[in-house]
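Taking it in order: structure first as structure tokens, then the write-up.
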Amino acid sequence: MKSFFKHPSNVCMSYFQHMKLSLRFSGILIIGSIQALIHAFIPDICITSTTDVSNKINTMLKSNG
């Protein structure tokens with residue numbers, strides 16, 4: 001069971017810090033998925049949403065852990 005909890009410490013985070021960040025990523029990706037779905041059918045809406053999500057997650061990854 002302990003092997004399931006090594007990753008947070010490997011990225012210099014506590015279990016709860018890692019959980020909070022991962023849940024935040026999940027929320028951002030859910031919203032981004034909805035925006036991408038809308039964009040697929042109506043291309044003039046949410047034009048930069050996928051790039052925006054990618055940049056936001058990349059920034060968050062670089063500034064955490």
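Going by the structure tokens order, chains are called A, B, ..., each with residues numbered from 1, while ligands are numbered from 1 in the order shown.
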
Contact check, range 10-49 of chain A to range 60-64 of chain A, at most 12 Å, counting only C-alpha atoms, closest pairs as a tab-separated table:
residue	atom	partner	partner_atom	distance
A:Val11	CA	A:Asn64	CA	8.5
A:Cys12	CA	A:Asn64	CA	8.5
A:Met13	CA	A:Asn64	CA	8.3
A:Ser14	CA	A:Asn64	CA	11.5
A:Gln17	CA	A:Asn64	CA	9.4
A:His18	CA	A:Asn64	CA	9.2
A:Lys20	CA	A:Asn64	CA	11.3
A:Leu21	CA	A:Asn64	CA	8.4
A:Ser22	CA	A:Leu61	CA	10.3
A:Arg24	CA	A:Met60	CA	9.8
A:Phe25	CA	A:Met60	CA	8.8
A:Ile28	CA	A:Met60	CA	11.1

Can you write just those residues out, N, CA, C and O atoms, as a PDB file, in the first residue's frame?
ATOM      1  N   VAL A  11       7.712  14.192  -5.971  1.00  0.00           N
ATOM      2  CA  VAL A  11       7.580  15.496  -6.622  1.00  0.00           C
ATOM      3  C   VAL A  11       7.527  16.624  -5.581  1.00  0.00           C
ATOM      4  O   VAL A  11       7.021  17.713  -5.850  1.00  0.00           O
ATOM      5  N   CYS A  12       8.072  16.326  -4.404  1.00  0.00           N
ATOM      6  CA  CYS A  12       8.225  17.315  -3.318  1.00  0.00           C
ATOM      7  C   CYS A  12       6.899  17.917  -2.859  1.00  0.00           C
ATOM      8  O   CYS A  12       6.790  19.133  -2.658  1.00  0.00           O
ATOM      9  N   MET A  13       5.894  17.073  -2.717  1.00  0.00           N
ATOM     10  CA  MET A  13       4.591  17.530  -2.254  1.00  0.00           C
ATOM     11  C   MET A  13       4.063  16.572  -1.200  1.00  0.00           C
ATOM     12  O   MET A  13       4.414  15.389  -1.206  1.00  0.00           O
ATOM     13  N   SER A  14       3.205  17.096  -0.335  1.00  0.00           N
ATOM     14  CA  SER A  14       2.519  16.212   0.602  1.00  0.00           C
ATOM     15  C   SER A  14       1.375  15.530  -0.159  1.00  0.00           C
ATOM     16  O   SER A  14       1.012  15.931  -1.275  1.00  0.00           O
ATOM     17  N   GLN A  17      -1.371  18.182  -0.735  1.00  0.00           N
ATOM     18  CA  GLN A  17      -0.981  19.168  -1.752  1.00  0.00           C
ATOM     19  C   GLN A  17      -1.133  18.558  -3.142  1.00  0.00           C
ATOM     20  O   GLN A  17      -1.640  19.185  -4.067  1.00  0.00           O
ATOM     21  N   HIS A  18      -0.675  17.323  -3.268  1.00  0.00           N
ATOM     22  CA  HIS A  18      -0.763  16.614  -4.548  1.00  0.00           C
ATOM     23  C   HIS A  18      -2.215  16.385  -4.933  1.00  0.00           C
ATOM     24  O   HIS A  18      -2.605  16.574  -6.097  1.00  0.00           O
ATOM     25  N   LYS A  20      -4.869  18.151  -4.021  1.00  0.00           N
ATOM     26  CA  LYS A  20      -5.469  19.438  -4.371  1.00  0.00           C
ATOM     27  C   LYS A  20      -5.073  19.856  -5.790  1.00  0.00           C
ATOM     28  O   LYS A  20      -5.921  20.274  -6.587  1.00  0.00           O
ATOM     29  N   LEU A  21      -3.788  19.732  -6.111  1.00  0.00           N
ATOM     30  CA  LEU A  21      -3.313  20.099  -7.440  1.00  0.00           C
ATOM     31  C   LEU A  21      -3.920  19.193  -8.513  1.00  0.00           C
ATOM     32  O   LEU A  21      -4.380  19.667  -9.550  1.00  0.00           O
ATOM     33  N   SER A  22      -3.967  17.906  -8.250  1.00  0.00           N
ATOM     34  CA  SER A  22      -4.532  16.956  -9.217  1.00  0.00           C
ATOM     35  C   SER A  22      -6.014  17.212  -9.453  1.00  0.00           C
ATOM     36  O   SER A  22      -6.492  17.127 -10.595  1.00  0.00           O
ATOM     37  N   ARG A  24      -7.452  20.090  -9.125  1.00  0.00           N
ATOM     38  CA  ARG A  24      -7.509  21.344  -9.892  1.00  0.00           C
ATOM     39  C   ARG A  24      -7.256  21.069 -11.375  1.00  0.00           C
ATOM     40  O   ARG A  24      -7.953  21.596 -12.240  1.00  0.00           O
ATOM     41  N   PHE A  25      -6.268  20.230 -11.670  1.00  0.00           N
ATOM     42  CA  PHE A  25      -6.023  19.835 -13.059  1.00  0.00           C
ATOM     43  C   PHE A  25      -7.272  19.198 -13.651  1.00  0.00           C
ATOM     44  O   PHE A  25      -7.656  19.480 -14.785  1.00  0.00           O
ATOM     45  N   ILE A  28      -9.869  21.817 -14.525  1.00  0.00           N
ATOM     46  CA  ILE A  28      -9.449  22.585 -15.698  1.00  0.00           C
ATOM     47  C   ILE A  28      -9.640  21.756 -16.968  1.00  0.00           C
ATOM     48  O   ILE A  28     -10.123  22.259 -17.996  1.00  0.00           O
TER      49      ILE A  28
END

Mind checking which residues fall within 10 Å of Phe5 in chain A, counting only C-alpha atoms, ignoring those fewer than 4 positions away in the same chain, and posting them as an NGL selection string?
-> :A and (1 or 9-10 or 14-15)

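Computed from the coordinates, the CA of Ser26 in chain A to CA of Asp44 in chain A distance equals 25.2 Å.
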